[in-house]
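Below: structure-v2.txt (compact mmCIF, N, CA and C atoms)
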# COMPACT_ATOMS: atom_id res chain seq x y z
N MET A 1 -0.52 -3.02 -16.14
CA MET A 1 -0.75 -3.31 -14.74
C MET A 1 -0.73 -4.83 -14.58
N SER A 2 -0.02 -5.29 -13.57
CA SER A 2 0.06 -6.73 -13.35
C SER A 2 -0.28 -7.06 -11.91
N ILE A 3 -0.71 -8.28 -11.72
CA ILE A 3 -1.04 -8.77 -10.39
C ILE A 3 0.04 -9.75 -10.00
N SER A 4 0.63 -9.53 -8.85
CA SER A 4 1.70 -10.40 -8.37
C SER A 4 1.17 -11.79 -8.09
N PRO A 5 2.05 -12.80 -8.17
CA PRO A 5 1.60 -14.16 -7.86
C PRO A 5 0.98 -14.24 -6.47
N ARG A 6 -0.11 -14.95 -6.35
CA ARG A 6 -0.82 -15.18 -5.09
C ARG A 6 -1.41 -13.91 -4.49
N LYS A 7 -1.54 -12.87 -5.29
CA LYS A 7 -2.15 -11.64 -4.81
C LYS A 7 -3.43 -11.40 -5.61
N ARG A 8 -4.39 -10.82 -4.97
CA ARG A 8 -5.66 -10.54 -5.64
C ARG A 8 -5.77 -9.09 -6.06
N PHE A 9 -4.73 -8.32 -5.79
CA PHE A 9 -4.73 -6.91 -6.11
C PHE A 9 -3.46 -6.57 -6.88
N SER A 10 -3.56 -5.61 -7.78
CA SER A 10 -2.38 -5.14 -8.49
C SER A 10 -1.46 -4.40 -7.53
N GLY A 11 -0.23 -4.24 -7.92
CA GLY A 11 0.70 -3.47 -7.10
C GLY A 11 0.21 -2.05 -6.89
N GLU A 12 -0.42 -1.49 -7.91
CA GLU A 12 -0.95 -0.14 -7.80
C GLU A 12 -2.06 -0.06 -6.75
N ALA A 13 -2.95 -1.05 -6.75
CA ALA A 13 -4.04 -1.06 -5.76
C ALA A 13 -3.49 -1.26 -4.35
N ILE A 14 -2.47 -2.10 -4.22
CA ILE A 14 -1.85 -2.31 -2.91
C ILE A 14 -1.21 -1.00 -2.43
N ALA A 15 -0.50 -0.33 -3.32
CA ALA A 15 0.14 0.95 -2.96
C ALA A 15 -0.91 1.97 -2.53
N PHE A 16 -2.01 2.03 -3.24
CA PHE A 16 -3.11 2.95 -2.91
C PHE A 16 -3.64 2.65 -1.51
N ALA A 17 -3.89 1.37 -1.23
CA ALA A 17 -4.42 0.97 0.07
C ALA A 17 -3.42 1.28 1.19
N LEU A 18 -2.16 0.97 0.97
CA LEU A 18 -1.15 1.22 2.00
C LEU A 18 -1.01 2.71 2.30
N ALA A 19 -1.09 3.55 1.27
CA ALA A 19 -1.00 4.99 1.49
C ALA A 19 -2.21 5.51 2.25
N LEU A 20 -3.39 5.01 1.90
CA LEU A 20 -4.59 5.43 2.64
C LEU A 20 -4.46 5.08 4.12
N TRP A 21 -3.93 3.90 4.39
CA TRP A 21 -3.82 3.41 5.77
C TRP A 21 -2.72 4.14 6.55
N ALA A 22 -1.52 4.20 5.96
CA ALA A 22 -0.36 4.70 6.71
C ALA A 22 -0.12 6.20 6.59
N LEU A 23 -0.40 6.78 5.43
CA LEU A 23 -0.14 8.21 5.26
C LEU A 23 -1.37 9.06 5.53
N CYS A 24 -2.53 8.56 5.13
CA CYS A 24 -3.77 9.34 5.30
C CYS A 24 -4.46 9.03 6.62
N GLY A 25 -4.01 7.96 7.31
CA GLY A 25 -4.53 7.65 8.63
C GLY A 25 -5.91 7.04 8.68
N LEU A 26 -6.37 6.50 7.56
CA LEU A 26 -7.69 5.87 7.56
C LEU A 26 -7.63 4.51 8.26
N GLY A 27 -8.73 4.12 8.84
CA GLY A 27 -8.83 2.80 9.47
C GLY A 27 -8.92 1.71 8.42
N ALA A 28 -8.64 0.50 8.83
CA ALA A 28 -8.63 -0.63 7.90
C ALA A 28 -9.98 -0.82 7.22
N ASP A 29 -11.07 -0.63 7.95
CA ASP A 29 -12.40 -0.78 7.35
C ASP A 29 -12.61 0.22 6.21
N GLU A 30 -12.24 1.47 6.45
CA GLU A 30 -12.40 2.51 5.44
C GLU A 30 -11.51 2.26 4.23
N VAL A 31 -10.28 1.82 4.48
CA VAL A 31 -9.36 1.52 3.38
C VAL A 31 -9.93 0.39 2.53
N ARG A 32 -10.41 -0.64 3.18
CA ARG A 32 -10.96 -1.77 2.44
C ARG A 32 -12.17 -1.35 1.61
N GLN A 33 -13.01 -0.52 2.19
CA GLN A 33 -14.20 -0.06 1.47
C GLN A 33 -13.82 0.74 0.23
N ARG A 34 -12.75 1.54 0.32
CA ARG A 34 -12.32 2.36 -0.81
C ARG A 34 -11.53 1.59 -1.85
N THR A 35 -10.95 0.46 -1.46
CA THR A 35 -10.04 -0.26 -2.34
C THR A 35 -10.62 -1.53 -2.93
N SER A 36 -11.42 -2.24 -2.16
CA SER A 36 -11.88 -3.57 -2.56
C SER A 36 -13.40 -3.62 -2.68
N ASP A 37 -13.86 -4.24 -3.74
CA ASP A 37 -15.30 -4.46 -3.85
C ASP A 37 -15.67 -5.91 -3.55
N TRP A 38 -14.71 -6.65 -2.99
CA TRP A 38 -14.97 -8.04 -2.62
C TRP A 38 -15.93 -8.07 -1.44
N ARG A 39 -16.82 -9.00 -1.44
CA ARG A 39 -17.78 -9.16 -0.35
C ARG A 39 -17.08 -9.70 0.89
N ARG A 40 -17.43 -9.15 2.05
CA ARG A 40 -16.80 -9.57 3.30
C ARG A 40 -17.79 -10.38 4.12
N GLN A 41 -17.30 -11.46 4.70
CA GLN A 41 -18.15 -12.33 5.51
C GLN A 41 -17.42 -12.72 6.78
N GLY A 42 -18.18 -13.03 7.82
CA GLY A 42 -17.61 -13.53 9.07
C GLY A 42 -16.59 -12.59 9.67
N ASP A 43 -15.46 -13.16 10.13
CA ASP A 43 -14.40 -12.35 10.75
C ASP A 43 -13.82 -11.34 9.77
N ALA A 44 -13.89 -11.64 8.49
CA ALA A 44 -13.33 -10.73 7.48
C ALA A 44 -14.13 -9.44 7.37
N ALA A 45 -15.32 -9.41 7.93
CA ALA A 45 -16.15 -8.21 7.85
C ALA A 45 -15.57 -7.07 8.68
N ARG A 46 -14.69 -7.38 9.62
CA ARG A 46 -14.05 -6.35 10.45
C ARG A 46 -12.59 -6.21 10.05
N GLY A 47 -12.14 -5.00 9.83
CA GLY A 47 -10.74 -4.76 9.52
C GLY A 47 -10.33 -5.29 8.16
N TRP A 48 -9.04 -5.38 7.99
CA TRP A 48 -8.50 -5.92 6.74
C TRP A 48 -7.11 -6.44 7.02
N ARG A 49 -7.01 -7.74 7.22
CA ARG A 49 -5.73 -8.36 7.57
C ARG A 49 -4.68 -8.21 6.49
N SER A 50 -5.10 -7.99 5.26
CA SER A 50 -4.14 -7.83 4.17
C SER A 50 -3.18 -6.68 4.43
N LEU A 51 -3.63 -5.62 5.08
CA LEU A 51 -2.76 -4.48 5.33
C LEU A 51 -1.54 -4.88 6.17
N THR A 52 -1.76 -5.60 7.25
CA THR A 52 -0.62 -6.00 8.08
C THR A 52 0.22 -7.08 7.39
N ARG A 53 -0.42 -7.93 6.60
CA ARG A 53 0.34 -8.93 5.83
C ARG A 53 1.24 -8.22 4.82
N TRP A 54 0.71 -7.22 4.13
CA TRP A 54 1.53 -6.47 3.18
C TRP A 54 2.66 -5.74 3.90
N ALA A 55 2.40 -5.24 5.10
CA ALA A 55 3.45 -4.57 5.88
C ALA A 55 4.58 -5.55 6.19
N ARG A 56 4.23 -6.78 6.57
CA ARG A 56 5.26 -7.80 6.83
C ARG A 56 6.04 -8.10 5.56
N GLN A 57 5.35 -8.17 4.43
CA GLN A 57 6.02 -8.45 3.16
C GLN A 57 6.93 -7.29 2.76
N LEU A 58 6.54 -6.07 3.07
CA LEU A 58 7.41 -4.92 2.81
C LEU A 58 8.70 -5.04 3.62
N ARG A 59 8.56 -5.34 4.90
CA ARG A 59 9.72 -5.47 5.80
C ARG A 59 10.66 -6.56 5.29
N ALA A 60 10.09 -7.67 4.79
CA ALA A 60 10.90 -8.79 4.29
C ALA A 60 11.36 -8.59 2.84
N ARG A 61 11.01 -7.44 2.25
CA ARG A 61 11.35 -7.10 0.87
C ARG A 61 10.73 -8.06 -0.14
N GLN A 62 9.60 -8.64 0.20
CA GLN A 62 8.86 -9.52 -0.71
C GLN A 62 7.84 -8.73 -1.52
N LEU A 63 7.60 -7.50 -1.14
CA LEU A 63 6.65 -6.63 -1.82
C LEU A 63 7.36 -5.32 -2.11
N PHE A 64 7.34 -4.88 -3.35
CA PHE A 64 8.06 -3.68 -3.76
C PHE A 64 9.52 -3.76 -3.32
N GLY A 65 10.15 -4.87 -3.64
CA GLY A 65 11.52 -5.13 -3.20
C GLY A 65 12.55 -4.12 -3.71
N ALA A 66 12.24 -3.40 -4.78
CA ALA A 66 13.17 -2.42 -5.32
C ALA A 66 13.21 -1.13 -4.50
N LEU A 67 12.27 -0.96 -3.59
CA LEU A 67 12.26 0.25 -2.76
C LEU A 67 13.38 0.21 -1.74
N HIS A 68 14.01 1.33 -1.53
CA HIS A 68 15.03 1.46 -0.49
C HIS A 68 14.38 2.19 0.67
N LEU A 69 14.05 1.44 1.72
CA LEU A 69 13.30 2.01 2.83
C LEU A 69 14.19 2.63 3.90
N GLY A 70 15.45 2.24 3.95
CA GLY A 70 16.33 2.76 4.98
C GLY A 70 15.89 2.29 6.36
N ALA A 71 16.33 3.00 7.38
CA ALA A 71 15.96 2.66 8.75
C ALA A 71 14.51 3.06 8.99
N VAL A 72 13.74 2.12 9.50
CA VAL A 72 12.32 2.36 9.74
C VAL A 72 11.99 1.93 11.15
N ALA A 73 11.17 2.72 11.81
CA ALA A 73 10.71 2.36 13.16
C ALA A 73 9.90 1.06 13.09
N ASP A 74 9.82 0.39 14.22
CA ASP A 74 9.04 -0.85 14.27
C ASP A 74 7.56 -0.56 14.14
N GLY A 75 6.84 -1.58 13.75
CA GLY A 75 5.39 -1.48 13.65
C GLY A 75 4.95 -1.45 12.20
N PRO A 76 3.83 -2.10 11.92
CA PRO A 76 3.37 -2.20 10.54
C PRO A 76 3.06 -0.85 9.89
N ARG A 77 2.47 0.08 10.63
CA ARG A 77 2.16 1.38 10.02
C ARG A 77 3.42 2.17 9.70
N ALA A 78 4.44 2.07 10.53
CA ALA A 78 5.69 2.80 10.28
C ALA A 78 6.37 2.28 9.02
N VAL A 79 6.44 0.98 8.88
CA VAL A 79 7.03 0.38 7.68
C VAL A 79 6.22 0.76 6.45
N THR A 80 4.92 0.66 6.58
CA THR A 80 4.03 0.97 5.47
C THR A 80 4.11 2.45 5.10
N ALA A 81 4.19 3.32 6.09
CA ALA A 81 4.28 4.75 5.80
C ALA A 81 5.55 5.06 5.02
N ARG A 82 6.67 4.46 5.43
CA ARG A 82 7.93 4.71 4.71
C ARG A 82 7.85 4.19 3.29
N ALA A 83 7.27 3.01 3.10
CA ALA A 83 7.13 2.45 1.75
C ALA A 83 6.21 3.33 0.91
N ALA A 84 5.11 3.78 1.48
CA ALA A 84 4.18 4.63 0.73
C ALA A 84 4.85 5.94 0.34
N GLN A 85 5.67 6.50 1.24
CA GLN A 85 6.42 7.72 0.91
C GLN A 85 7.37 7.46 -0.25
N ALA A 86 8.05 6.32 -0.20
CA ALA A 86 8.98 5.97 -1.28
C ALA A 86 8.24 5.78 -2.60
N LEU A 87 7.05 5.19 -2.55
CA LEU A 87 6.26 5.03 -3.77
C LEU A 87 5.84 6.39 -4.31
N CYS A 88 5.46 7.31 -3.43
CA CYS A 88 5.11 8.66 -3.87
C CYS A 88 6.29 9.33 -4.57
N GLU A 89 7.51 9.07 -4.09
CA GLU A 89 8.70 9.64 -4.70
C GLU A 89 8.90 9.15 -6.13
N HIS A 90 8.37 7.98 -6.46
CA HIS A 90 8.50 7.43 -7.80
C HIS A 90 7.38 7.90 -8.74
N ALA A 91 6.43 8.64 -8.23
CA ALA A 91 5.34 9.13 -9.08
C ALA A 91 5.88 10.15 -10.08
N PRO A 92 5.36 10.16 -11.30
CA PRO A 92 5.78 11.17 -12.27
C PRO A 92 5.48 12.58 -11.74
N LEU A 93 6.22 13.55 -12.22
CA LEU A 93 6.05 14.93 -11.75
C LEU A 93 4.62 15.43 -11.90
N ALA A 94 3.95 15.02 -12.95
CA ALA A 94 2.57 15.48 -13.18
C ALA A 94 1.63 15.05 -12.06
N TRP A 95 2.00 14.04 -11.29
CA TRP A 95 1.15 13.52 -10.21
C TRP A 95 1.46 14.17 -8.87
N ARG A 96 2.49 14.99 -8.76
CA ARG A 96 2.96 15.49 -7.47
C ARG A 96 1.94 16.36 -6.73
N SER A 97 0.97 16.92 -7.42
CA SER A 97 -0.05 17.72 -6.74
C SER A 97 -1.29 16.89 -6.40
N ALA A 98 -1.29 15.63 -6.79
CA ALA A 98 -2.43 14.74 -6.51
C ALA A 98 -2.39 14.31 -5.04
N PRO A 99 -3.51 13.81 -4.52
CA PRO A 99 -3.51 13.28 -3.15
C PRO A 99 -2.44 12.18 -3.00
N LEU A 100 -1.93 12.03 -1.78
CA LEU A 100 -0.84 11.08 -1.54
C LEU A 100 -1.16 9.67 -2.00
N ALA A 101 -2.37 9.19 -1.75
CA ALA A 101 -2.72 7.82 -2.16
C ALA A 101 -2.64 7.68 -3.68
N HIS A 102 -3.00 8.73 -4.41
CA HIS A 102 -2.93 8.68 -5.87
C HIS A 102 -1.48 8.71 -6.34
N GLN A 103 -0.65 9.48 -5.63
CA GLN A 103 0.78 9.49 -5.96
C GLN A 103 1.41 8.12 -5.75
N ALA A 104 1.04 7.46 -4.65
CA ALA A 104 1.58 6.12 -4.38
C ALA A 104 1.14 5.15 -5.47
N PHE A 105 -0.13 5.25 -5.90
CA PHE A 105 -0.65 4.42 -6.98
C PHE A 105 0.21 4.62 -8.23
N ALA A 106 0.43 5.89 -8.60
CA ALA A 106 1.21 6.19 -9.80
C ALA A 106 2.66 5.74 -9.64
N GLY A 107 3.22 5.92 -8.46
CA GLY A 107 4.60 5.52 -8.23
C GLY A 107 4.81 4.02 -8.32
N ALA A 108 3.80 3.26 -7.92
CA ALA A 108 3.91 1.80 -7.96
C ALA A 108 4.09 1.29 -9.38
N ARG A 109 3.63 2.04 -10.36
CA ARG A 109 3.80 1.62 -11.76
C ARG A 109 5.26 1.67 -12.18
N HIS A 110 6.08 2.38 -11.42
CA HIS A 110 7.49 2.56 -11.78
C HIS A 110 8.44 1.80 -10.86
N VAL A 111 7.89 0.93 -10.03
CA VAL A 111 8.69 0.14 -9.09
C VAL A 111 8.41 -1.33 -9.35
N SER A 112 9.45 -2.12 -9.45
CA SER A 112 9.22 -3.56 -9.69
C SER A 112 9.08 -4.31 -8.40
Kindly transcribe the structure held in the file into structure tokens.
Amino acid sequence: MSISPRKRFSGEAIAFALALWALCGLGADEVRQRTSDWRRQGDAARGWRSLTRWARQLRARQLFGALHLGAVADGPRAVTARAAQALCEHAPLAWRSAPLAHQAFAGARHVS
């Protein structure tokens, strides 16, 4: 497992968070609580700006650049949902019955 430059989370953790947000429909607060144990202060106590930043990076192919997303509707959740689906497709067969967020986590290990 590796952490990308200038990122505080592994690709697997990012994939997990994105799937929780875009595929499972959880709010940013809930996703952050399930994914990060970092202490939140001030404005950071509400929401999680990293989710939309990661969505922008997905669109620009700066995050999980090997994924082929095809045509995607506008909006951060739409881009993120397509990427999370693509990550799930890369999960090993043994993971296919796992929850979607777990499949995305496993799939991220196979995407550069």
Point to revise | Computed interatomic separation between atom CA of Ser50 of chain A and atom CA of Ser97 of chain A (Å) | key: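 Calculated distance between atom CA of Ser50 of chain A and atom CA of Ser97 of chain A is 28.1 Å.
If you look at atom CA of Leu26 of chain A and atom C of Leu100 of chain A, they are 12.2 Å away from each other.
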Exercise for review: Tell me, in Å to one decimal, how far atom CA of Gly107 of chain A is from atom CA of Leu18 of chain A.
Suggested key: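 Atom CA of Leu18 of chain A lies at a distance of 12.5 Å from atom CA of Gly107 of chain A.
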**Study point:** Polymer residues at most 8 Å from Val31 of chain A, only C-alpha atoms, same-chain spacing of 6 or more positions, as a count of residues only
**Key:** 3
Check your understanding: Of the candidates A:Phe105, A:Ala55, A:Ala60, A:Gln33, which one gets nearest to Arg77 of chain A if we count only N, CA and C atoms?
Key ->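 Of the candidates, the smallest distance to Arg77 of chain A is held by A:Ala55.
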Revision key, fill the gap. Across A:Arg56, A:His110, A:Ala66, A:Gln103, the smallest distance to Phe16 of chain A, with all atoms listed in the file counted, is shown by A:Gln103
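The neighbours of Val79 of chain A here are the residues that come within 7 Å of it, using only N, CA and C atoms and leaving out any residue fewer than 4 positions away in the same chain; they are A:Ala55, A:Leu58, A:Arg59, A:Val72, A:Ala73, A:Asp74, A:Gly75, A:Ala83, A:Ala84.
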Practice item. Go through A:Leu23, A:Ala106, A:Ala98, A:Thr35 and flag the residue nearest Arg8 of chain A, using only C-alpha atoms for the distances. Key: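 Using only C-alpha atoms, Arg8 of chain A sits closest to A:Thr35.
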List every residue of chain A that DSSP, applied to the backbone, labels as helix (DSSP H, G or I), and write the result as a compact mmCIF listing (two decimals) with N, CA and C atoms, keeping the file's coordinate frame.
# COMPACT_ATOMS: atom_id res chain seq x y z
N GLY A 11 -0.23 -4.24 -7.92
CA GLY A 11 0.70 -3.47 -7.10
C GLY A 11 0.21 -2.05 -6.89
N GLU A 12 -0.42 -1.49 -7.91
CA GLU A 12 -0.95 -0.14 -7.80
C GLU A 12 -2.06 -0.06 -6.75
N ALA A 13 -2.95 -1.05 -6.75
CA ALA A 13 -4.04 -1.06 -5.76
C ALA A 13 -3.49 -1.26 -4.35
N ILE A 14 -2.47 -2.10 -4.22
CA ILE A 14 -1.85 -2.31 -2.91
C ILE A 14 -1.21 -1.00 -2.43
N ALA A 15 -0.50 -0.33 -3.32
CA ALA A 15 0.14 0.95 -2.96
C ALA A 15 -0.91 1.97 -2.53
N PHE A 16 -2.01 2.03 -3.24
CA PHE A 16 -3.11 2.95 -2.91
C PHE A 16 -3.64 2.65 -1.51
N ALA A 17 -3.89 1.37 -1.23
CA ALA A 17 -4.42 0.97 0.07
C ALA A 17 -3.42 1.28 1.19
N LEU A 18 -2.16 0.97 0.97
CA LEU A 18 -1.15 1.22 2.00
C LEU A 18 -1.01 2.71 2.30
N ALA A 19 -1.09 3.55 1.27
CA ALA A 19 -1.00 4.99 1.49
C ALA A 19 -2.21 5.51 2.25
N LEU A 20 -3.39 5.01 1.90
CA LEU A 20 -4.59 5.43 2.64
C LEU A 20 -4.46 5.08 4.12
N TRP A 21 -3.93 3.90 4.39
CA TRP A 21 -3.82 3.41 5.77
C TRP A 21 -2.72 4.14 6.55
N ALA A 22 -1.52 4.20 5.96
CA ALA A 22 -0.36 4.70 6.71
C ALA A 22 -0.12 6.20 6.59
N ALA A 28 -8.64 0.50 8.83
CA ALA A 28 -8.63 -0.63 7.90
C ALA A 28 -9.98 -0.82 7.22
N ASP A 29 -11.07 -0.63 7.95
CA ASP A 29 -12.40 -0.78 7.35
C ASP A 29 -12.61 0.22 6.21
N GLU A 30 -12.24 1.47 6.45
CA GLU A 30 -12.40 2.51 5.44
C GLU A 30 -11.51 2.26 4.23
N VAL A 31 -10.28 1.82 4.48
CA VAL A 31 -9.36 1.52 3.38
C VAL A 31 -9.93 0.39 2.53
N ARG A 32 -10.41 -0.64 3.18
CA ARG A 32 -10.96 -1.77 2.44
C ARG A 32 -12.17 -1.35 1.61
N GLN A 33 -13.01 -0.52 2.19
CA GLN A 33 -14.20 -0.06 1.47
C GLN A 33 -13.82 0.74 0.23
N ARG A 34 -12.75 1.54 0.32
CA ARG A 34 -12.32 2.36 -0.81
C ARG A 34 -11.53 1.59 -1.85
N THR A 35 -10.95 0.46 -1.46
CA THR A 35 -10.04 -0.26 -2.34
C THR A 35 -10.62 -1.53 -2.93
N GLY A 42 -18.18 -13.03 7.82
CA GLY A 42 -17.61 -13.53 9.07
C GLY A 42 -16.59 -12.59 9.67
N ASP A 43 -15.46 -13.16 10.13
CA ASP A 43 -14.40 -12.35 10.75
C ASP A 43 -13.82 -11.34 9.77
N ALA A 44 -13.89 -11.64 8.49
CA ALA A 44 -13.33 -10.73 7.48
C ALA A 44 -14.13 -9.44 7.37
N ALA A 45 -15.32 -9.41 7.93
CA ALA A 45 -16.15 -8.21 7.85
C ALA A 45 -15.57 -7.07 8.68
N ARG A 49 -7.01 -7.74 7.22
CA ARG A 49 -5.73 -8.36 7.57
C ARG A 49 -4.68 -8.21 6.49
N SER A 50 -5.10 -7.99 5.26
CA SER A 50 -4.14 -7.83 4.17
C SER A 50 -3.18 -6.68 4.43
N LEU A 51 -3.63 -5.62 5.08
CA LEU A 51 -2.76 -4.48 5.33
C LEU A 51 -1.54 -4.88 6.17
N THR A 52 -1.76 -5.60 7.25
CA THR A 52 -0.62 -6.00 8.08
C THR A 52 0.22 -7.08 7.39
N ARG A 53 -0.42 -7.93 6.60
CA ARG A 53 0.34 -8.93 5.83
C ARG A 53 1.24 -8.22 4.82
N TRP A 54 0.71 -7.22 4.13
CA TRP A 54 1.53 -6.47 3.18
C TRP A 54 2.66 -5.74 3.90
N ALA A 55 2.40 -5.24 5.10
CA ALA A 55 3.45 -4.57 5.88
C ALA A 55 4.58 -5.55 6.19
N ARG A 56 4.23 -6.78 6.57
CA ARG A 56 5.26 -7.80 6.83
C ARG A 56 6.04 -8.10 5.56
N GLN A 57 5.35 -8.17 4.43
CA GLN A 57 6.02 -8.45 3.16
C GLN A 57 6.93 -7.29 2.76
N LEU A 58 6.54 -6.07 3.07
CA LEU A 58 7.41 -4.92 2.81
C LEU A 58 8.70 -5.04 3.62
N ARG A 59 8.56 -5.34 4.90
CA ARG A 59 9.72 -5.47 5.80
C ARG A 59 10.66 -6.56 5.29
N PRO A 76 3.83 -2.10 11.92
CA PRO A 76 3.37 -2.20 10.54
C PRO A 76 3.06 -0.85 9.89
N ARG A 77 2.47 0.08 10.63
CA ARG A 77 2.16 1.38 10.02
C ARG A 77 3.42 2.17 9.70
N ALA A 78 4.44 2.07 10.53
CA ALA A 78 5.69 2.80 10.28
C ALA A 78 6.37 2.28 9.02
N VAL A 79 6.44 0.98 8.88
CA VAL A 79 7.03 0.38 7.68
C VAL A 79 6.22 0.76 6.45
N THR A 80 4.92 0.66 6.58
CA THR A 80 4.03 0.97 5.47
C THR A 80 4.11 2.45 5.10
N ALA A 81 4.19 3.32 6.09
CA ALA A 81 4.28 4.75 5.80
C ALA A 81 5.55 5.06 5.02
N ARG A 82 6.67 4.46 5.43
CA ARG A 82 7.93 4.71 4.71
C ARG A 82 7.85 4.19 3.29
N ALA A 83 7.27 3.01 3.10
CA ALA A 83 7.13 2.45 1.75
C ALA A 83 6.21 3.33 0.91
N ALA A 84 5.11 3.78 1.48
CA ALA A 84 4.18 4.63 0.73
C ALA A 84 4.85 5.94 0.34
N GLN A 85 5.67 6.50 1.24
CA GLN A 85 6.42 7.72 0.91
C GLN A 85 7.37 7.46 -0.25
N ALA A 86 8.05 6.32 -0.20
CA ALA A 86 8.98 5.97 -1.28
C ALA A 86 8.24 5.78 -2.60
N LEU A 87 7.05 5.19 -2.55
CA LEU A 87 6.26 5.03 -3.77
C LEU A 87 5.84 6.39 -4.31
N CYS A 88 5.46 7.31 -3.43
CA CYS A 88 5.11 8.66 -3.87
C CYS A 88 6.29 9.33 -4.57
N GLU A 89 7.51 9.07 -4.09
CA GLU A 89 8.70 9.64 -4.70
C GLU A 89 8.90 9.15 -6.13
N LEU A 93 6.22 13.55 -12.22
CA LEU A 93 6.05 14.93 -11.75
C LEU A 93 4.62 15.43 -11.90
N ALA A 94 3.95 15.02 -12.95
CA ALA A 94 2.57 15.48 -13.18
C ALA A 94 1.63 15.05 -12.06
N TRP A 95 2.00 14.04 -11.29
CA TRP A 95 1.15 13.52 -10.21
C TRP A 95 1.46 14.17 -8.87
N LEU A 100 -1.93 12.03 -1.78
CA LEU A 100 -0.84 11.08 -1.54
C LEU A 100 -1.16 9.67 -2.00
N ALA A 101 -2.37 9.19 -1.75
CA ALA A 101 -2.72 7.82 -2.16
C ALA A 101 -2.64 7.68 -3.68
N HIS A 102 -3.00 8.73 -4.41
CA HIS A 102 -2.93 8.68 -5.87
C HIS A 102 -1.48 8.71 -6.34
N GLN A 103 -0.65 9.48 -5.63
CA GLN A 103 0.78 9.49 -5.96
C GLN A 103 1.41 8.12 -5.75
N ALA A 104 1.04 7.46 -4.65
CA ALA A 104 1.58 6.12 -4.38
C ALA A 104 1.14 5.15 -5.47
N PHE A 105 -0.13 5.25 -5.90
CA PHE A 105 -0.65 4.42 -6.98
C PHE A 105 0.21 4.62 -8.23
N ALA A 106 0.43 5.89 -8.60
CA ALA A 106 1.21 6.19 -9.80
C ALA A 106 2.66 5.74 -9.64
N GLY A 107 3.22 5.92 -8.46
CA GLY A 107 4.60 5.52 -8.23
C GLY A 107 4.81 4.02 -8.32
N ALA A 108 3.80 3.26 -7.92
CA ALA A 108 3.91 1.80 -7.96
C ALA A 108 4.09 1.29 -9.38
**Study point:** Shortest interatomic distance to Gly11 of chain A - which of A:Ala86, A:Leu63, A:Leu93, A:Ala78, counting only C-alpha atoms
**Key:**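 Among A:Ala86, A:Leu63, A:Leu93, A:Ala78, it is A:Leu63 that comes nearest to Gly11 of chain A.
For the choices A:Asp37, A:Glu89, A:Arg82, A:Cys24, the atom-to-atom distance to Leu69 of chain A is smallest for A:Arg82 when using all atoms listed in the file.
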**Study point:** Closest of A:Ile14, A:Ala81, A:Ala22, A:Ala28 to Arg49 of chain A - atom-to-atom distances counting only N, CA and C atoms
**Key:**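 Counting only N, CA and C atoms, the residue closest to Arg49 of chain A is A:Ala28.
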